[in-house]
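Asker: Here you go, final_9.txt (compact mmCIF, N, CA and C atoms):
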# COMPACT_ATOMS: atom_id res chain seq x y z
N MET Y 976 0.26 13.60 -4.65
CA MET Y 976 -0.66 12.54 -4.97
C MET Y 976 -0.28 11.83 -6.27
N LYS Y 977 0.30 12.58 -7.23
CA LYS Y 977 0.72 11.94 -8.48
C LYS Y 977 1.79 10.89 -8.22
N ALA Y 978 2.65 11.17 -7.25
CA ALA Y 978 3.71 10.22 -6.92
C ALA Y 978 3.10 8.92 -6.42
N ASN Y 979 2.04 9.02 -5.62
CA ASN Y 979 1.37 7.81 -5.13
C ASN Y 979 0.76 7.02 -6.26
N THR Y 980 0.16 7.71 -7.23
CA THR Y 980 -0.43 7.02 -8.37
C THR Y 980 0.65 6.28 -9.15
N LYS Y 981 1.77 6.93 -9.34
CA LYS Y 981 2.88 6.28 -10.07
C LYS Y 981 3.37 5.05 -9.30
N LYS Y 982 3.51 5.19 -7.99
CA LYS Y 982 3.96 4.06 -7.17
C LYS Y 982 2.95 2.92 -7.19
N LEU Y 983 1.66 3.26 -7.16
CA LEU Y 983 0.63 2.23 -7.21
C LEU Y 983 0.63 1.52 -8.56
N ASN Y 984 0.92 2.23 -9.62
CA ASN Y 984 1.04 1.59 -10.94
C ASN Y 984 2.19 0.61 -10.96
N ILE Y 985 3.27 0.95 -10.29
CA ILE Y 985 4.42 0.03 -10.20
C ILE Y 985 4.02 -1.22 -9.43
N VAL Y 986 3.33 -1.05 -8.31
CA VAL Y 986 2.87 -2.20 -7.51
C VAL Y 986 1.91 -3.06 -8.34
N SER Y 987 1.06 -2.42 -9.09
CA SER Y 987 0.14 -3.15 -9.96
C SER Y 987 0.92 -4.01 -10.96
N GLY Y 988 1.98 -3.45 -11.50
CA GLY Y 988 2.84 -4.20 -12.41
C GLY Y 988 3.52 -5.37 -11.70
N GLN Y 989 3.92 -5.15 -10.45
CA GLN Y 989 4.53 -6.23 -9.68
C GLN Y 989 3.53 -7.36 -9.47
N LEU Y 990 2.28 -7.02 -9.18
CA LEU Y 990 1.26 -8.05 -8.98
C LEU Y 990 1.00 -8.83 -10.26
N ARG Y 991 0.98 -8.15 -11.40
CA ARG Y 991 0.82 -8.87 -12.67
C ARG Y 991 1.99 -9.81 -12.91
N ALA Y 992 3.18 -9.35 -12.56
CA ALA Y 992 4.37 -10.19 -12.73
C ALA Y 992 4.30 -11.43 -11.82
N ILE Y 993 3.83 -11.25 -10.60
CA ILE Y 993 3.67 -12.39 -9.69
C ILE Y 993 2.66 -13.38 -10.26
N SER Y 994 1.57 -12.87 -10.75
CA SER Y 994 0.54 -13.73 -11.34
C SER Y 994 1.13 -14.53 -12.51
N ARG Y 995 1.89 -13.86 -13.34
CA ARG Y 995 2.53 -14.53 -14.48
C ARG Y 995 3.53 -15.59 -13.99
N MET Y 996 4.29 -15.26 -12.96
CA MET Y 996 5.25 -16.21 -12.41
C MET Y 996 4.54 -17.48 -11.91
N ILE Y 997 3.42 -17.29 -11.24
CA ILE Y 997 2.67 -18.43 -10.71
C ILE Y 997 2.13 -19.27 -11.86
N GLU Y 998 1.55 -18.61 -12.87
CA GLU Y 998 1.01 -19.32 -14.03
C GLU Y 998 2.10 -20.11 -14.75
N GLU Y 999 3.30 -19.56 -14.80
CA GLU Y 999 4.41 -20.21 -15.50
C GLU Y 999 5.13 -21.25 -14.64
N GLY Y 1000 4.71 -21.37 -13.39
CA GLY Y 1000 5.32 -22.35 -12.50
C GLY Y 1000 6.72 -21.98 -12.05
N SER Y 1001 6.96 -20.70 -11.87
CA SER Y 1001 8.28 -20.23 -11.41
C SER Y 1001 8.61 -20.82 -10.04
N ASP Y 1002 9.88 -20.79 -9.73
CA ASP Y 1002 10.36 -21.27 -8.43
C ASP Y 1002 9.61 -20.55 -7.31
N CYS Y 1003 9.07 -21.33 -6.36
CA CYS Y 1003 8.23 -20.75 -5.31
C CYS Y 1003 9.00 -19.74 -4.45
N GLU Y 1004 10.29 -19.96 -4.25
CA GLU Y 1004 11.07 -19.01 -3.46
C GLU Y 1004 11.12 -17.64 -4.13
N LYS Y 1005 11.27 -17.62 -5.44
CA LYS Y 1005 11.30 -16.36 -6.18
C LYS Y 1005 9.94 -15.66 -6.11
N VAL Y 1006 8.87 -16.44 -6.18
CA VAL Y 1006 7.52 -15.87 -6.10
C VAL Y 1006 7.31 -15.26 -4.72
N ILE Y 1007 7.70 -15.96 -3.68
CA ILE Y 1007 7.54 -15.46 -2.31
C ILE Y 1007 8.33 -14.18 -2.10
N ILE Y 1008 9.53 -14.12 -2.64
CA ILE Y 1008 10.34 -12.91 -2.53
C ILE Y 1008 9.63 -11.74 -3.21
N GLN Y 1009 9.02 -11.98 -4.35
CA GLN Y 1009 8.29 -10.93 -5.06
C GLN Y 1009 7.06 -10.48 -4.28
N PHE Y 1010 6.36 -11.45 -3.67
CA PHE Y 1010 5.22 -11.10 -2.81
C PHE Y 1010 5.67 -10.17 -1.68
N LYS Y 1011 6.78 -10.54 -1.05
CA LYS Y 1011 7.28 -9.76 0.08
C LYS Y 1011 7.67 -8.34 -0.36
N ALA Y 1012 8.33 -8.25 -1.50
CA ALA Y 1012 8.73 -6.94 -2.02
C ALA Y 1012 7.51 -6.09 -2.35
N THR Y 1013 6.51 -6.70 -2.95
CA THR Y 1013 5.29 -5.98 -3.32
C THR Y 1013 4.53 -5.53 -2.07
N LYS Y 1014 4.45 -6.41 -1.10
CA LYS Y 1014 3.78 -6.07 0.16
C LYS Y 1014 4.49 -4.89 0.83
N GLY Y 1015 5.82 -4.92 0.84
CA GLY Y 1015 6.60 -3.83 1.44
C GLY Y 1015 6.39 -2.51 0.72
N ALA Y 1016 6.34 -2.57 -0.61
CA ALA Y 1016 6.13 -1.35 -1.39
C ALA Y 1016 4.74 -0.78 -1.12
N LEU Y 1017 3.74 -1.63 -1.08
CA LEU Y 1017 2.37 -1.18 -0.82
C LEU Y 1017 2.24 -0.61 0.59
N GLU Y 1018 2.89 -1.24 1.55
CA GLU Y 1018 2.85 -0.75 2.93
C GLU Y 1018 3.49 0.64 3.03
N LYS Y 1019 4.58 0.83 2.31
CA LYS Y 1019 5.26 2.13 2.32
C LYS Y 1019 4.37 3.21 1.72
N ILE Y 1020 3.69 2.90 0.62
CA ILE Y 1020 2.77 3.85 -0.01
C ILE Y 1020 1.63 4.17 0.96
N TYR Y 1021 1.07 3.14 1.56
CA TYR Y 1021 -0.04 3.29 2.49
C TYR Y 1021 0.34 4.19 3.67
N LEU Y 1022 1.49 3.91 4.28
CA LEU Y 1022 1.90 4.70 5.44
C LEU Y 1022 2.17 6.16 5.07
N GLY Y 1023 2.76 6.37 3.90
CA GLY Y 1023 2.99 7.73 3.44
C GLY Y 1023 1.68 8.47 3.19
N TYR Y 1024 0.72 7.77 2.59
CA TYR Y 1024 -0.58 8.38 2.33
C TYR Y 1024 -1.29 8.68 3.65
N LEU Y 1025 -1.21 7.74 4.58
CA LEU Y 1025 -1.84 7.95 5.88
C LEU Y 1025 -1.25 9.16 6.57
N GLU Y 1026 0.06 9.27 6.56
CA GLU Y 1026 0.73 10.41 7.19
C GLU Y 1026 0.29 11.73 6.55
N GLU Y 1027 0.28 11.77 5.22
CA GLU Y 1027 -0.14 12.98 4.53
C GLU Y 1027 -1.59 13.31 4.83
N SER Y 1028 -2.43 12.29 4.91
CA SER Y 1028 -3.85 12.51 5.21
C SER Y 1028 -4.02 13.10 6.59
N LEU Y 1029 -3.29 12.56 7.54
CA LEU Y 1029 -3.39 13.06 8.91
C LEU Y 1029 -2.88 14.49 9.02
N LYS Y 1030 -1.89 14.82 8.23
CA LYS Y 1030 -1.34 16.18 8.27
C LYS Y 1030 -2.19 17.18 7.50
N ASN Y 1031 -2.70 16.78 6.35
CA ASN Y 1031 -3.29 17.75 5.42
C ASN Y 1031 -4.80 17.65 5.24
N CYS Y 1032 -5.39 16.51 5.49
CA CYS Y 1032 -6.80 16.33 5.15
C CYS Y 1032 -7.73 16.52 6.35
N ILE Y 1033 -7.16 16.62 7.51
CA ILE Y 1033 -7.99 16.75 8.71
C ILE Y 1033 -7.76 18.13 9.29
N LYS Y 1034 -8.84 18.83 9.51
CA LYS Y 1034 -8.76 20.16 10.11
C LYS Y 1034 -8.31 20.02 11.56
N PRO Y 1035 -7.60 21.01 12.08
CA PRO Y 1035 -7.03 20.92 13.43
C PRO Y 1035 -8.01 20.48 14.53
N ASN Y 1036 -9.24 20.92 14.48
CA ASN Y 1036 -10.18 20.59 15.56
C ASN Y 1036 -11.21 19.53 15.17
N ASP Y 1037 -10.92 18.75 14.13
CA ASP Y 1037 -11.86 17.74 13.66
C ASP Y 1037 -11.53 16.39 14.29
N SER Y 1038 -11.76 16.30 15.59
CA SER Y 1038 -11.40 15.08 16.31
C SER Y 1038 -12.25 13.89 15.88
N LYS Y 1039 -13.49 14.11 15.46
CA LYS Y 1039 -14.34 13.00 15.02
C LYS Y 1039 -13.74 12.32 13.80
N LYS Y 1040 -13.28 13.11 12.85
CA LYS Y 1040 -12.68 12.55 11.64
C LYS Y 1040 -11.37 11.82 11.99
N MET Y 1041 -10.58 12.41 12.85
CA MET Y 1041 -9.32 11.80 13.29
C MET Y 1041 -9.61 10.45 13.96
N ILE Y 1042 -10.57 10.41 14.84
CA ILE Y 1042 -10.92 9.17 15.54
C ILE Y 1042 -11.41 8.12 14.55
N LYS Y 1043 -12.22 8.54 13.57
CA LYS Y 1043 -12.73 7.61 12.56
C LYS Y 1043 -11.58 7.00 11.76
N ILE Y 1044 -10.66 7.82 11.32
CA ILE Y 1044 -9.52 7.31 10.55
C ILE Y 1044 -8.68 6.36 11.40
N LEU Y 1045 -8.38 6.76 12.62
CA LEU Y 1045 -7.57 5.90 13.49
C LEU Y 1045 -8.30 4.59 13.80
N ASP Y 1046 -9.60 4.66 13.97
CA ASP Y 1046 -10.41 3.44 14.17
C ASP Y 1046 -10.25 2.51 12.98
N ASP Y 1047 -10.36 3.06 11.77
CA ASP Y 1047 -10.22 2.25 10.56
C ASP Y 1047 -8.83 1.63 10.47
N VAL Y 1048 -7.82 2.40 10.81
CA VAL Y 1048 -6.45 1.91 10.74
C VAL Y 1048 -6.21 0.78 11.75
N LEU Y 1049 -6.74 0.94 12.94
CA LEU Y 1049 -6.48 -0.02 14.01
C LEU Y 1049 -7.34 -1.28 13.92
N LYS Y 1050 -8.32 -1.32 13.04
CA LYS Y 1050 -9.16 -2.50 12.88
C LYS Y 1050 -8.40 -3.68 12.31
N ASN Y 1051 -7.29 -3.43 11.65
CA ASN Y 1051 -6.51 -4.53 11.04
C ASN Y 1051 -6.02 -5.37 12.14
Rewrite the coordinates I just gave you, this time as C-alpha cells.
Answerer:
Amino acid sequence: MKANTKKLNIVSGQLRAISRMIEEGSDCEKVIIQFKATKGALEKIYLGYLEESLKNCIKPNDSKKMIKILDDVLKN
C-alpha cells in the first residue's frame, strides 16, 4: 500500500505540472502528452489496486462484496 501512496504522490505532482503548463501557455501538444502519461500512470495504479483488492480484501465466499466491487468497476 505504501508503494501506491508513493505512486499517487507522483501522479499528483504530474497534475500540478500540467496545471502549471496550462497557466504558462505551454505548447498544447506537450500538455496533451503529459495528460496521457498521467492518465496511464493513474490507470496502472488503479488496476494494480483493484487486483490486490480482489485477491486480498475479499473473503473467498463473499460473493456479495465481489459483485458490488465488480458492479462499481463496470459502471464506467
Asker: List as a ChimeraX atom specification the protein and nucleic acid residues near range 1020-1024 of chain Y, meaning an atom at most 8 Å away when only N, CA and C atoms are counted, but skip any in the same chain fewer than 6 places from it.
Answerer: /Y:979,982-983,1014,1030
Asker: Ranking Y:Cys1032, Y:Val1048, Y:Val1006, Y:Ile1042 by minimum distance to Leu990 in chain Y and counting only C-alpha atoms, which one comes first?
Answerer: Y:Val1006
Asker: Rounded to one decimal place, report the CA of Ile1007 in chain Y-CA of Ile993 in chain Y distance in Å.
Answerer: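 CA of Ile993 in chain Y lies 8.9 Å from CA of Ile1007 in chain Y.
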Asker: So how far away is CA of Val986 in chain Y from CA of Gly1015 in chain Y, in Å?
Answerer: 9.8 Å
Asker: Please run DSSP on the backbone and report, as a PyMOL selection string, all residues within chain Y that come out as helix (DSSP H, G or I).
Answerer: chain Y and resi 977-998+1003-1031+1038-1049
Asker: Could you tell me how far CA of Asp1047 in chain Y lies from CA of Glu1027 in chain Y, in Å and to one decimal?
Answerer: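 Computing it gives 15.9 Å between the two atoms.
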Asker: In terms of the shortest atom-to-atom distance over only C-alpha atoms, which of Y:Leu1017, Y:Asn1036, Y:Gln1009, Y:Ser1028 is closest to Arg991 in chain Y?
Answerer: Y:Gln1009
Asker: Applying 12 Å and only C-alpha atoms, which residues near Lys1043 in chain Y remain after dropping the ones on its own chain fewer than 6 positions away? List them as a list in words.
Answerer: Leu1029, Ile1033, Asp1037, Leu1049 and Lys1050 of chain Y
Asker: Between Y:Glu1026, Y:Gln989, Y:Lys1040, Y:Asn984, which is the closest to Ile1008 in chain Y once you count only C-alpha atoms?
Answerer: Y:Gln989
